[in-house]
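Enquirer: Input structure: run-v9.json, which contains JSON, C-alpha atoms.
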[["chain", "number", "residue", "atom", "x", "y", "z"],
["A", 129, "MET", "CA", 139.06, 104.85, 117.62],
["A", 130, "LYS", "CA", 137.32, 101.78, 116.33],
["A", 131, "ALA", "CA", 134.25, 100.36, 117.97],
["A", 132, "ARG", "CA", 132.50, 97.11, 117.26],
["A", 133, "VAL", "CA", 128.79, 96.84, 118.02],
["A", 134, "TYR", "CA", 127.39, 93.34, 118.46],
["A", 135, "VAL", "CA", 123.62, 93.19, 117.94],
["A", 136, "MET", "CA", 121.84, 89.99, 118.95],
["A", 137, "PRO", "CA", 118.22, 88.89, 119.19],
["A", 138, "LYS", "CA", 117.22, 89.28, 122.84],
["A", 139, "ALA", "CA", 117.06, 86.21, 125.04],
["A", 140, "GLY", "CA", 113.54, 84.81, 124.70],
["A", 141, "VAL", "CA", 112.98, 86.35, 121.27],
["A", 142, "LEU", "CA", 112.49, 83.75, 118.58],
["A", 143, "ASP", "CA", 115.48, 83.58, 116.24],
["A", 144, "PRO", "CA", 114.34, 81.59, 113.20],
["A", 145, "GLN", "CA", 117.57, 82.35, 111.37],
["A", 146, "GLY", "CA", 119.65, 80.85, 114.16],
["A", 147, "LYS", "CA", 117.34, 77.82, 114.24],
["A", 148, "ALA", "CA", 117.72, 77.28, 110.48],
["A", 149, "ILE", "CA", 121.51, 77.50, 110.77],
["A", 150, "GLY", "CA", 121.35, 74.95, 113.59],
["A", 151, "HIS", "CA", 119.36, 72.56, 111.40],
["A", 152, "ALA", "CA", 121.81, 73.03, 108.53],
["A", 153, "LEU", "CA", 124.76, 72.28, 110.81],
["A", 154, "GLU", "CA", 123.01, 69.15, 111.98],
["A", 155, "GLY", "CA", 122.48, 68.18, 108.35],
["A", 156, "LEU", "CA", 126.21, 68.56, 107.74],
["A", 157, "GLY", "CA", 126.87, 66.08, 110.49],
["A", 158, "PHE", "CA", 127.90, 68.49, 113.24],
["A", 159, "GLY", "CA", 126.41, 66.93, 116.33],
["A", 160, "GLY", "CA", 126.06, 68.46, 119.76],
["A", 161, "VAL", "CA", 124.96, 71.94, 118.74],
["A", 162, "HIS", "CA", 122.54, 72.91, 121.50],
["A", 163, "ASP", "CA", 121.53, 76.29, 120.16],
["A", 164, "VAL", "CA", 122.47, 78.83, 117.49],
["A", 165, "ARG", "CA", 121.73, 82.54, 117.67],
["A", 166, "ALA", "CA", 122.46, 84.79, 114.69],
["A", 167, "GLY", "CA", 123.03, 88.52, 115.02],
["A", 168, "LYS", "CA", 125.13, 91.16, 113.35],
["A", 169, "VAL", "CA", 128.34, 93.04, 113.89],
["A", 170, "ILE", "CA", 128.67, 96.71, 113.00],
["A", 171, "GLU", "CA", 132.14, 98.27, 112.90],
["A", 172, "LEU", "CA", 132.49, 101.98, 113.50],
["A", 173, "ASP", "CA", 135.51, 104.15, 112.86],
["A", 174, "LEU", "CA", 135.06, 107.09, 115.23],
["A", 175, "ALA", "CA", 136.84, 110.44, 115.47],
["A", 176, "GLU", "CA", 136.77, 110.22, 119.28],
["A", 177, "ALA", "CA", 140.19, 109.20, 120.65],
["A", 178, "ASP", "CA", 139.15, 108.53, 124.25],
["A", 179, "PRO", "CA", 138.07, 104.88, 124.61],
["A", 180, "ALA", "CA", 135.51, 105.51, 127.35],
["A", 181, "LYS", "CA", 133.90, 108.35, 125.41],
["A", 182, "ALA", "CA", 133.99, 106.37, 122.17],
["A", 183, "LYS", "CA", 132.21, 103.53, 123.92],
["A", 184, "GLN", "CA", 129.56, 105.92, 125.18],
["A", 185, "ILE", "CA", 129.02, 107.36, 121.71],
["A", 186, "ALA", "CA", 128.73, 103.90, 120.15],
["A", 187, "GLU", "CA", 126.25, 102.83, 122.84],
["A", 188, "ASP", "CA", 124.17, 105.91, 122.16],
["A", 189, "MET", "CA", 124.21, 105.04, 118.43],
["A", 190, "ALA", "CA", 123.18, 101.49, 119.22],
["A", 191, "ARG", "CA", 120.25, 102.63, 121.37],
["A", 192, "LYS", "CA", 119.03, 105.14, 118.79],
["A", 193, "LEU", "CA", 119.54, 103.21, 115.57],
["A", 194, "LEU", "CA", 121.86, 100.22, 115.36],
["A", 195, "ALA", "CA", 119.74, 97.99, 117.59],
["A", 196, "ASN", "CA", 116.01, 97.87, 118.18],
["A", 197, "THR", "CA", 116.01, 97.29, 121.92],
["A", 198, "VAL", "CA", 112.49, 95.88, 121.87],
["A", 199, "ILE", "CA", 113.77, 92.80, 120.08],
["A", 200, "GLU", "CA", 117.57, 93.07, 120.19],
["A", 201, "SER", "CA", 120.32, 93.47, 122.75],
["A", 202, "PHE", "CA", 123.71, 94.99, 121.99],
["A", 203, "ARG", "CA", 127.25, 95.09, 123.32],
["A", 204, "VAL", "CA", 129.96, 97.56, 122.36],
["A", 205, "GLU", "CA", 133.62, 96.65, 122.20],
["A", 206, "ILE", "CA", 136.37, 99.21, 121.67],
["A", 207, "VAL", "CA", 139.14, 97.77, 119.47],
["B", 89, "MET", "CA", 89.23, 113.59, 103.52],
["B", 90, "LYS", "CA", 92.58, 115.19, 102.84],
["B", 91, "ALA", "CA", 95.17, 112.42, 102.84],
["B", 92, "ALA", "CA", 98.87, 112.21, 102.07],
["B", 93, "ILE", "CA", 100.93, 109.15, 101.21],
["B", 94, "ILE", "CA", 104.61, 109.16, 102.14],
["B", 95, "VAL", "CA", 106.99, 107.78, 99.54],
["B", 96, "PHE", "CA", 110.46, 106.59, 100.53],
["B", 97, "PRO", "CA", 113.14, 105.24, 98.20],
["B", 98, "GLY", "CA", 112.08, 101.63, 97.76],
["B", 99, "THR", "CA", 108.39, 102.20, 98.54],
["B", 100, "ASN", "CA", 106.39, 100.34, 95.89],
["B", 101, "ARG", "CA", 102.77, 100.12, 97.07],
["B", 102, "GLU", "CA", 101.94, 103.82, 97.05],
["B", 103, "ARG", "CA", 99.83, 103.64, 93.89],
["B", 104, "ASP", "CA", 97.67, 100.82, 95.31],
["B", 105, "MET", "CA", 97.13, 102.98, 98.37],
["B", 106, "ARG", "CA", 96.25, 106.01, 96.25],
["B", 107, "LEU", "CA", 93.70, 103.96, 94.37],
["B", 108, "ALA", "CA", 92.07, 102.73, 97.57],
["B", 109, "LEU", "CA", 91.91, 106.19, 99.16],
["B", 110, "THR", "CA", 90.61, 107.80, 95.96],
["B", 111, "ARG", "CA", 88.00, 105.11, 95.46],
["B", 112, "ALA", "CA", 86.68, 105.46, 98.99],
["B", 113, "SER", "CA", 86.86, 109.23, 99.39],
["B", 114, "GLY", "CA", 86.59, 110.55, 95.84],
["B", 115, "ARG", "CA", 89.62, 112.67, 96.50],
["B", 116, "GLU", "CA", 93.14, 111.93, 95.38],
["B", 117, "PRO", "CA", 95.76, 111.91, 98.14],
["B", 118, "ALA", "CA", 98.97, 113.92, 97.92],
["B", 119, "MET", "CA", 102.19, 111.99, 97.41],
["B", 120, "LEU", "CA", 105.02, 113.27, 99.60],
["B", 121, "PHE", "CA", 108.66, 112.36, 99.22],
["B", 122, "HIS", "CA", 110.72, 111.40, 102.26],
["B", 123, "ARG", "CA", 112.91, 114.54, 102.10],
["B", 124, "GLU", "CA", 110.03, 116.90, 102.88],
["B", 125, "ALA", "CA", 110.35, 118.22, 106.40],
["B", 126, "VAL", "CA", 106.81, 119.54, 106.79],
["B", 127, "LEU", "CA", 103.40, 118.13, 106.00],
["B", 128, "PRO", "CA", 100.81, 120.16, 104.07],
["B", 129, "GLN", "CA", 98.36, 122.12, 106.22],
["B", 130, "GLY", "CA", 94.98, 120.64, 107.07],
["B", 131, "LEU", "CA", 95.76, 116.96, 106.53],
["B", 132, "ASP", "CA", 93.27, 114.45, 107.95],
["B", 133, "LEU", "CA", 95.31, 111.32, 107.31],
["B", 134, "VAL", "CA", 98.90, 110.31, 106.66],
["B", 135, "VAL", "CA", 99.57, 106.89, 105.14],
["B", 136, "LEU", "CA", 102.83, 104.96, 105.16],
["B", 137, "PRO", "CA", 102.47, 102.40, 102.36],
["B", 138, "GLY", "CA", 104.21, 99.11, 101.74],
["B", 139, "GLY", "CA", 107.44, 98.35, 99.95],
["B", 140, "PHE", "CA", 111.08, 97.92, 100.83],
["B", 141, "SER", "CA", 112.15, 101.37, 101.97],
["B", 142, "TYR", "CA", 115.93, 101.79, 101.84],
["B", 143, "GLY", "CA", 116.29, 98.18, 100.75],
["B", 144, "ASP", "CA", 115.32, 96.98, 104.24],
["B", 145, "TYR", "CA", 118.88, 97.86, 105.33],
["B", 146, "LEU", "CA", 119.76, 97.30, 108.99],
["B", 147, "ARG", "CA", 116.15, 96.34, 109.91],
["B", 148, "CYS", "CA", 112.94, 96.76, 107.91],
["B", 149, "GLY", "CA", 111.79, 100.35, 108.36],
["B", 150, "ALA", "CA", 114.79, 101.43, 110.46],
["B", 151, "MET", "CA", 116.22, 103.84, 107.90],
["B", 152, "ALA", "CA", 112.88, 105.33, 106.86],
["B", 153, "ALA", "CA", 112.04, 105.94, 110.53],
["B", 154, "GLN", "CA", 114.99, 108.37, 110.69],
["B", 155, "SER", "CA", 114.10, 110.34, 107.54],
["B", 156, "PRO", "CA", 113.15, 114.03, 107.81],
["B", 157, "ILE", "CA", 109.47, 113.51, 107.04],
["B", 158, "MET", "CA", 109.03, 111.01, 109.86],
["B", 159, "ARG", "CA", 109.74, 113.74, 112.39],
["B", 160, "ALA", "CA", 106.81, 115.64, 110.90],
["B", 161, "VAL", "CA", 104.65, 112.49, 110.89],
["B", 162, "LYS", "CA", 105.44, 111.89, 114.56],
["B", 163, "GLU", "CA", 104.44, 115.46, 115.40],
["B", 164, "PHE", "CA", 101.25, 115.01, 113.37],
["B", 165, "ALA", "CA", 100.43, 111.85, 115.34],
["B", 166, "ALA", "CA", 101.31, 113.50, 118.66],
["B", 167, "GLY", "CA", 98.87, 116.28, 117.78],
["B", 168, "GLY", "CA", 96.05, 113.76, 117.35],
["B", 169, "GLY", "CA", 96.42, 113.17, 113.61],
["B", 170, "HIS", "CA", 95.35, 109.87, 112.03],
["B", 171, "VAL", "CA", 98.12, 107.71, 110.60],
["B", 172, "LEU", "CA", 97.80, 104.38, 108.80],
["B", 173, "GLY", "CA", 100.77, 102.10, 108.11],
["B", 174, "VAL", "CA", 100.59, 98.97, 105.99],
["B", 175, "CYS", "CA", 103.29, 96.32, 105.72],
["B", 176, "ASN", "CA", 106.57, 98.23, 105.43],
["B", 177, "GLY", "CA", 104.61, 101.25, 106.67],
["B", 178, "PHE", "CA", 103.78, 99.28, 109.84],
["B", 179, "GLN", "CA", 107.45, 98.34, 110.19],
["B", 180, "ILE", "CA", 108.43, 102.02, 109.86],
["B", 181, "MET", "CA", 105.85, 103.00, 112.53],
["B", 182, "ILE", "CA", 107.26, 100.41, 114.90],
["B", 183, "GLU", "CA", 110.82, 101.60, 114.28],
["B", 184, "ALA", "CA", 109.73, 105.22, 114.76],
["B", 185, "GLY", "CA", 108.12, 104.34, 118.08],
["B", 186, "LEU", "CA", 104.62, 105.25, 116.91],
["B", 187, "LEU", "CA", 103.35, 101.80, 117.85],
["B", 188, "PRO", "CA", 104.59, 99.29, 120.43],
["B", 189, "GLY", "CA", 106.34, 96.00, 119.77],
["B", 190, "GLY", "CA", 108.65, 94.72, 117.08],
["B", 191, "LEU", "CA", 108.39, 92.81, 113.80],
["B", 192, "LEU", "CA", 110.66, 89.81, 113.51],
["B", 193, "ARG", "CA", 111.54, 87.58, 110.58],
["B", 194, "ASN", "CA", 108.61, 85.28, 109.75],
["B", 195, "ALA", "CA", 108.82, 82.19, 111.94],
["B", 196, "THR", "CA", 109.10, 79.96, 108.85],
["B", 197, "LEU", "CA", 111.87, 82.19, 107.43],
["B", 198, "ARG", "CA", 109.80, 82.29, 104.25],
["B", 199, "PHE", "CA", 108.58, 85.36, 102.46],
["B", 200, "LEU", "CA", 104.80, 84.98, 102.55],
["B", 201, "SER", "CA", 102.91, 86.08, 99.47],
["B", 202, "MET", "CA", 99.34, 84.86, 99.82],
["B", 203, "ASP", "CA", 95.91, 85.80, 101.06],
["B", 204, "CYS", "CA", 95.14, 85.66, 104.74],
["B", 205, "ARG", "CA", 91.96, 86.14, 106.77],
["B", 206, "LEU", "CA", 91.71, 88.90, 109.31],
["B", 207, "ARG", "CA", 89.27, 89.32, 112.16],
["B", 208, "VAL", "CA", 88.28, 92.80, 113.27],
["B", 209, "GLU", "CA", 89.14, 92.93, 116.97],
["B", 210, "ARG", "CA", 87.91, 96.43, 117.55],
["B", 211, "ALA", "CA", 85.19, 98.08, 115.50],
["B", 212, "GLY", "CA", 84.14, 101.69, 115.86],
["B", 213, "THR", "CA", 87.54, 103.27, 115.22],
["B", 214, "ALA", "CA", 88.28, 105.56, 112.27],
["B", 215, "PHE", "CA", 89.89, 102.55, 110.59],
["B", 216, "THR", "CA", 87.24, 99.96, 111.38],
["B", 217, "ALA", "CA", 83.93, 101.84, 111.68],
["B", 218, "GLN", "CA", 82.39, 100.05, 108.68],
["B", 219, "TRP", "CA", 82.92, 96.63, 110.20],
["B", 220, "ARG", "CA", 81.35, 94.97, 113.20],
["B", 221, "GLN", "CA", 83.49, 93.46, 115.91],
["B", 222, "GLY", "CA", 84.38, 89.91, 114.92],
["B", 223, "ASP", "CA", 83.83, 90.46, 111.20],
["B", 224, "CYS", "CA", 86.32, 88.53, 109.09],
["B", 225, "PHE", "CA", 87.71, 89.56, 105.73],
["B", 226, "ARG", "CA", 90.30, 88.47, 103.22],
["B", 227, "ALA", "CA", 93.51, 90.46, 102.72],
["B", 228, "PRO", "CA", 96.58, 89.78, 100.63],
["B", 229, "MET", "CA", 99.90, 89.73, 102.43],
["B", 230, "ALA", "CA", 103.43, 89.93, 101.10],
["B", 231, "HIS", "CA", 106.21, 90.17, 103.67],
["B", 232, "GLY", "CA", 109.30, 88.51, 105.08],
["B", 233, "ASP", "CA", 109.32, 90.26, 108.45],
["B", 234, "GLY", "CA", 105.79, 90.36, 109.83],
["B", 235, "ASN", "CA", 106.14, 88.27, 112.94],
["B", 236, "TYR", "CA", 104.71, 90.59, 115.59],
["B", 237, "PHE", "CA", 106.55, 90.53, 118.87],
["B", 238, "ALA", "CA", 106.10, 92.30, 122.18],
["B", 239, "ASP", "CA", 106.85, 91.27, 125.74],
["B", 240, "GLU", "CA", 104.04, 89.59, 127.69],
["B", 241, "ALA", "CA", 103.25, 92.73, 129.70],
["B", 242, "THR", "CA", 102.83, 94.78, 126.51],
["B", 243, "LEU", "CA", 100.67, 92.09, 124.88],
["B", 244, "ASP", "CA", 98.46, 91.94, 127.97],
["B", 245, "ARG", "CA", 98.13, 95.71, 127.97],
["B", 246, "LEU", "CA", 97.26, 95.80, 124.25],
["B", 247, "GLU", "CA", 94.58, 93.18, 124.76],
["B", 248, "GLY", "CA", 93.32, 94.68, 128.00],
["B", 249, "GLU", "CA", 92.94, 98.14, 126.51],
["B", 250, "GLY", "CA", 91.43, 96.93, 123.24],
["B", 251, "LEU", "CA", 94.37, 98.04, 121.14],
["B", 252, "VAL", "CA", 94.62, 94.89, 119.03],
["B", 253, "ALA", "CA", 93.16, 95.90, 115.65],
["B", 254, "PHE", "CA", 93.23, 92.67, 113.64],
["B", 255, "ARG", "CA", 94.13, 89.02, 114.16],
["B", 256, "TYR", "CA", 94.99, 86.25, 111.71],
["B", 257, "VAL", "CA", 92.17, 83.72, 111.70],
["B", 258, "ASP", "CA", 91.08, 80.62, 109.79],
["B", 259, "GLU", "CA", 87.99, 80.18, 107.63],
["B", 260, "ALA", "CA", 85.90, 79.66, 110.76],
["B", 261, "GLY", "CA", 87.14, 82.92, 112.26],
["B", 262, "GLN", "CA", 89.29, 81.19, 114.87],
["B", 263, "ALA", "CA", 92.75, 82.51, 115.74],
["B", 264, "THR", "CA", 94.51, 79.18, 115.25],
["B", 265, "GLU", "CA", 98.20, 78.46, 114.97],
["B", 266, "ALA", "CA", 97.74, 77.29, 111.37],
["B", 267, "ALA", "CA", 96.17, 80.63, 110.42],
["B", 268, "ASN", "CA", 99.11, 82.48, 111.94],
["B", 269, "ARG", "CA", 101.52, 81.96, 109.07],
["B", 270, "ASN", "CA", 104.21, 84.40, 110.14],
["B", 271, "GLY", "CA", 104.24, 83.33, 113.79],
["B", 272, "SER", "CA", 102.95, 86.57, 115.30],
["B", 273, "ALA", "CA", 102.43, 86.76, 119.06],
["B", 274, "ARG", "CA", 98.77, 85.96, 119.82],
["B", 275, "ASN", "CA", 97.98, 86.04, 116.07],
["B", 276, "ILE", "CA", 98.24, 89.83, 116.04],
["B", 277, "ALA", "CA", 98.18, 91.28, 112.53],
["B", 278, "GLY", "CA", 97.63, 94.93, 113.43],
["B", 279, "VAL", "CA", 97.53, 97.26, 116.43],
["B", 280, "PHE", "CA", 96.29, 100.70, 117.43],
["B", 281, "SER", "CA", 97.96, 103.48, 119.37],
["B", 282, "ASP", "CA", 96.51, 104.42, 122.77],
["B", 283, "ASN", "CA", 94.34, 107.15, 121.21],
["B", 284, "LEU", "CA", 93.15, 104.76, 118.42],
["B", 285, "ARG", "CA", 94.30, 107.25, 115.77],
["B", 286, "VAL", "CA", 97.41, 105.40, 114.65],
["B", 287, "CYS", "CA", 96.93, 101.96, 113.12],
["B", 288, "GLY", "CA", 99.52, 99.61, 111.64],
["B", 289, "LEU", "CA", 99.02, 96.20, 110.08],
["B", 290, "MET", "CA", 101.03, 93.79, 107.94],
["B", 291, "PRO", "CA", 98.43, 92.63, 105.34],
["B", 292, "HIS", "CA", 97.25, 94.86, 102.49],
["B", 293, "PRO", "CA", 93.55, 95.85, 102.63],
["B", 294, "GLU", "CA", 94.30, 98.39, 99.86],
["B", 295, "ASP", "CA", 94.83, 95.54, 97.42],
["B", 296, "LEU", "CA", 91.23, 94.36, 97.56],
["B", 297, "VAL", "CA", 89.15, 97.45, 96.93],
["B", 298, "ASP", "CA", 87.68, 96.82, 93.49],
["B", 299, "PRO", "CA", 85.94, 93.83, 91.88],
["B", 300, "LEU", "CA", 88.66, 94.00, 89.21],
["B", 301, "MET", "CA", 91.20, 93.17, 91.92],
["B", 302, "GLY", "CA", 89.23, 90.08, 92.84],
["B", 303, "GLY", "CA", 87.17, 91.57, 95.64],
["B", 304, "GLU", "CA", 86.39, 94.53, 97.84],
["B", 305, "ASP", "CA", 87.18, 93.00, 101.21],
["B", 306, "GLY", "CA", 89.53, 95.81, 102.16],
["B", 307, "LEU", "CA", 87.31, 98.68, 101.06],
["B", 308, "PRO", "CA", 85.54, 99.13, 104.45],
["B", 309, "MET", "CA", 88.79, 100.37, 105.99],
["B", 310, "PHE", "CA", 89.05, 103.21, 103.51],
["B", 311, "GLN", "CA", 85.32, 103.93, 103.61],
["B", 312, "SER", "CA", 85.58, 104.15, 107.40],
["B", 313, "LEU", "CA", 88.40, 106.68, 107.11],
["B", 314, "ALA", "CA", 86.58, 108.66, 104.42],
["B", 315, "GLU", "CA", 83.41, 108.76, 106.51],
["B", 316, "ARG", "CA", 85.08, 109.62, 109.81],
["B", 317, "LEU", "CA", 87.64, 112.10, 108.56],
["B", 318, "VAL", "CA", 85.40, 114.28, 106.41],
["B", 319, "GLY", "CA", 86.51, 117.77, 107.30],
["B", 320, "ALA", "CA", 87.68, 116.45, 110.64]]
Do you think you could lay out the structure here as structure tokens?

Expert:
Amino acid sequence: MKARVYVMPKAGVLDPQGKAIGHALEGLGFGGVHDVRAGKVIELDLAEADPAKAKQIAEDMARKLLANTVIESFRVEIV
Amino acid sequence: MKAAIIVFPGTNRERDMRLALTRASGREPAMLFHREAVLPQGLDLVVLPGGFSYGDYLRCGAMAAQSPIMRAVKEFAAGGGHVLGVCNGFQIMIEAGLLPGGLLRNATLRFLSMDCRLRVERAGTAFTAQWRQGDCFRAPMAHGDGNYFADEATLDRLEGEGLVAFRYVDEAGQATEAANRNGSARNIAGVFSDNLRVCGLMPHPEDLVDPLMGGEDGLPMFQSLAERLVGA
């Protein structure tokens, strides 16, 4: 079972990388970009075949290592 | 003072730290590799030095925080042991949950390699006994992710309980926005644990401990530790 973990800077946490990307987009002439947030995606190939259990495992991994929940939020998607 | 420095793959400031500890205490610290699962008996101080442990993969300090020796360091701290973390060592402490908060990318997105000025926010601890409250000193810094973050409640608690160790200040000793190059919340450069025995900071006091390095501004930290932790 494959799981995808999306890790994003928490709402309210400064994201200088996203801001810089926003500025660069503006520089390229893309108008109307209100905000950019940059995070990361981690793909897991898990032995677990049950989607609900796989999701639980991936969430546990995210809480313990993949995300730092002080500064980041995460979301797990089973694919 | 019996001290040990933890070395992870990618650590690169361990020799500076050894020099500082040896100069202040007259005793050379042990160097311990990350695979060790136990600390030597009778240690007074464990130091997590700077560098780029595990290539800063995932988040700075995240991988090192999971290494076998960090379990032993956490037990040491839980038992009342003194632990100092500088730069990447501070990041590892944060990731290991030894200190509150998080360290974000510098607000400017730039790697900052320059001197900064620090103000001692709490004297009288094992790390700051040789200073007076409000003393300012110069310290080199070299980091890309030193932007201290914590939610407002945590920041209020840290300030209320006197757990802010150092702040970035200007030449006049004021915690201004201009002096806060990495964008840290409330200019915080370093913090203490609740029992004041764990201290982490981003700048490098160990890199100014000898006139040959250009000054001895950082030496009081190591003299404080040497004085307080003699046979402790």

Enquirer: For region 176-217 of chain B against region 139-145 of chain A, with a cut-off of 12 Å and counting all atoms listed in the file, what is the closest atom pair and its distance in Å to one decimal for every residue that makes the cut, ordered by chain and number, as a Markdown table?

Expert:
| residue | atom | partner | partner_atom | distance |
| --- | --- | --- | --- | --- |
| B:Gly189 | CA | A:Val141 | CA | 11.8 |
| B:Gly190 | CA | A:Val141 | CA | 10.3 |
| B:Leu191 | CA | A:Val141 | CA | 10.9 |
| B:Leu192 | CA | A:Leu142 | CA | 8.1 |
| B:Arg193 | CA | A:Pro144 | CA | 7.1 |
| B:Asn194 | CA | A:Pro144 | CA | 7.6 |
| B:Ala195 | CA | A:Pro144 | CA | 5.7 |
| B:Thr196 | CA | A:Pro144 | CA | 7.0 |
| B:Leu197 | CA | A:Pro144 | CA | 6.3 |
| B:Arg198 | CA | A:Pro144 | CA | 10.1 |

Enquirer: Using Å and a single decimal, report how far CA of Cys175 (chain B) sits from CA of Val208 (chain B).

Expert: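 Going from CA of Val208 (chain B) over to CA of Cys175 (chain B), I get 17.2 Å.
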
Enquirer: When you look at Ala166 (chain A) with a cut-off of 10 Å (counting only C-alpha atoms), what residues show up, excluding the ones that are within fewer than 3 positions of it in the same chain? I need them as a ChimeraX atom specification.

Expert: /A:135-137,143-150

Enquirer: Kindly list the centre and edge lengths in Å, rounded to one decimal, for the axis-aligned box that covers all listed atoms of region 227-242 of chain B plus 5 Å on each of its six sides, as lines of an AutoDock Vina configuration file.

Expert:
center_x = 101.4
center_y = 91.5
center_z = 115.2
size_x = 25.8
size_y = 16.5
size_z = 39.1

Enquirer: Which is closer to chain A than all the others in B:Ile182, B:Leu200, B:Leu120, B:Ala214, using all atoms listed in the file?

Expert: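 Comparing B:Ile182, B:Leu200, B:Leu120, B:Ala214 against chain A, the winner is B:Ile182.
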
Enquirer: Do a neighbour search on Lys130 (chain A) at 12 Å with all atoms listed in the file, toss out local chain neighbours closer than 3 positions, and write the hits as a count of residues only.

Expert: 21

Enquirer: So, with only C-alpha atoms as the atoms that count, which of B:Asp298, B:Ser201, B:Leu131, B:Ala227 lies closest to Gly167 (chain B)?

Expert: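 So, comparing all the options, the nearest one is B:Leu131.
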
Enquirer: Quick one, how far is CA of Gly98 (chain B) from CA of Gly143 (chain B)?

Expert: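 That distance, rounded to one decimal, is 6.2 Å.
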
Enquirer: How far is it from CA of Gly139 (chain B) to CA of Glu183 (chain B), in Å with one decimal?

Expert: 15.1 Å

Enquirer: Excluding region 150-163 of chain B and residues on its chain fewer than 2 positions from it, collect all residues at most 7 Å away from it, counting only C-alpha atoms, and give them as a PyMOL selection string.

Expert: chain B and resi 96+122-127+141-142+146-148+165-167+180+183-184

Enquirer: Any idea what's packed within 9 Å of Ser312 (chain B), counting only C-alpha atoms, ignoring anything in its chain fewer than 2 positions away? Could you give it as a list of chain:residue names?

Expert: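 These residues fall inside the cut-off: B:Ala112, B:Gly212, B:Thr213, B:Ala214, B:Phe215, B:Thr216, B:Ala217, B:Gln218, B:Trp219, B:Leu307, B:Pro308, B:Met309, B:Phe310, B:Ala314, B:Glu315, B:Arg316, B:Leu317.
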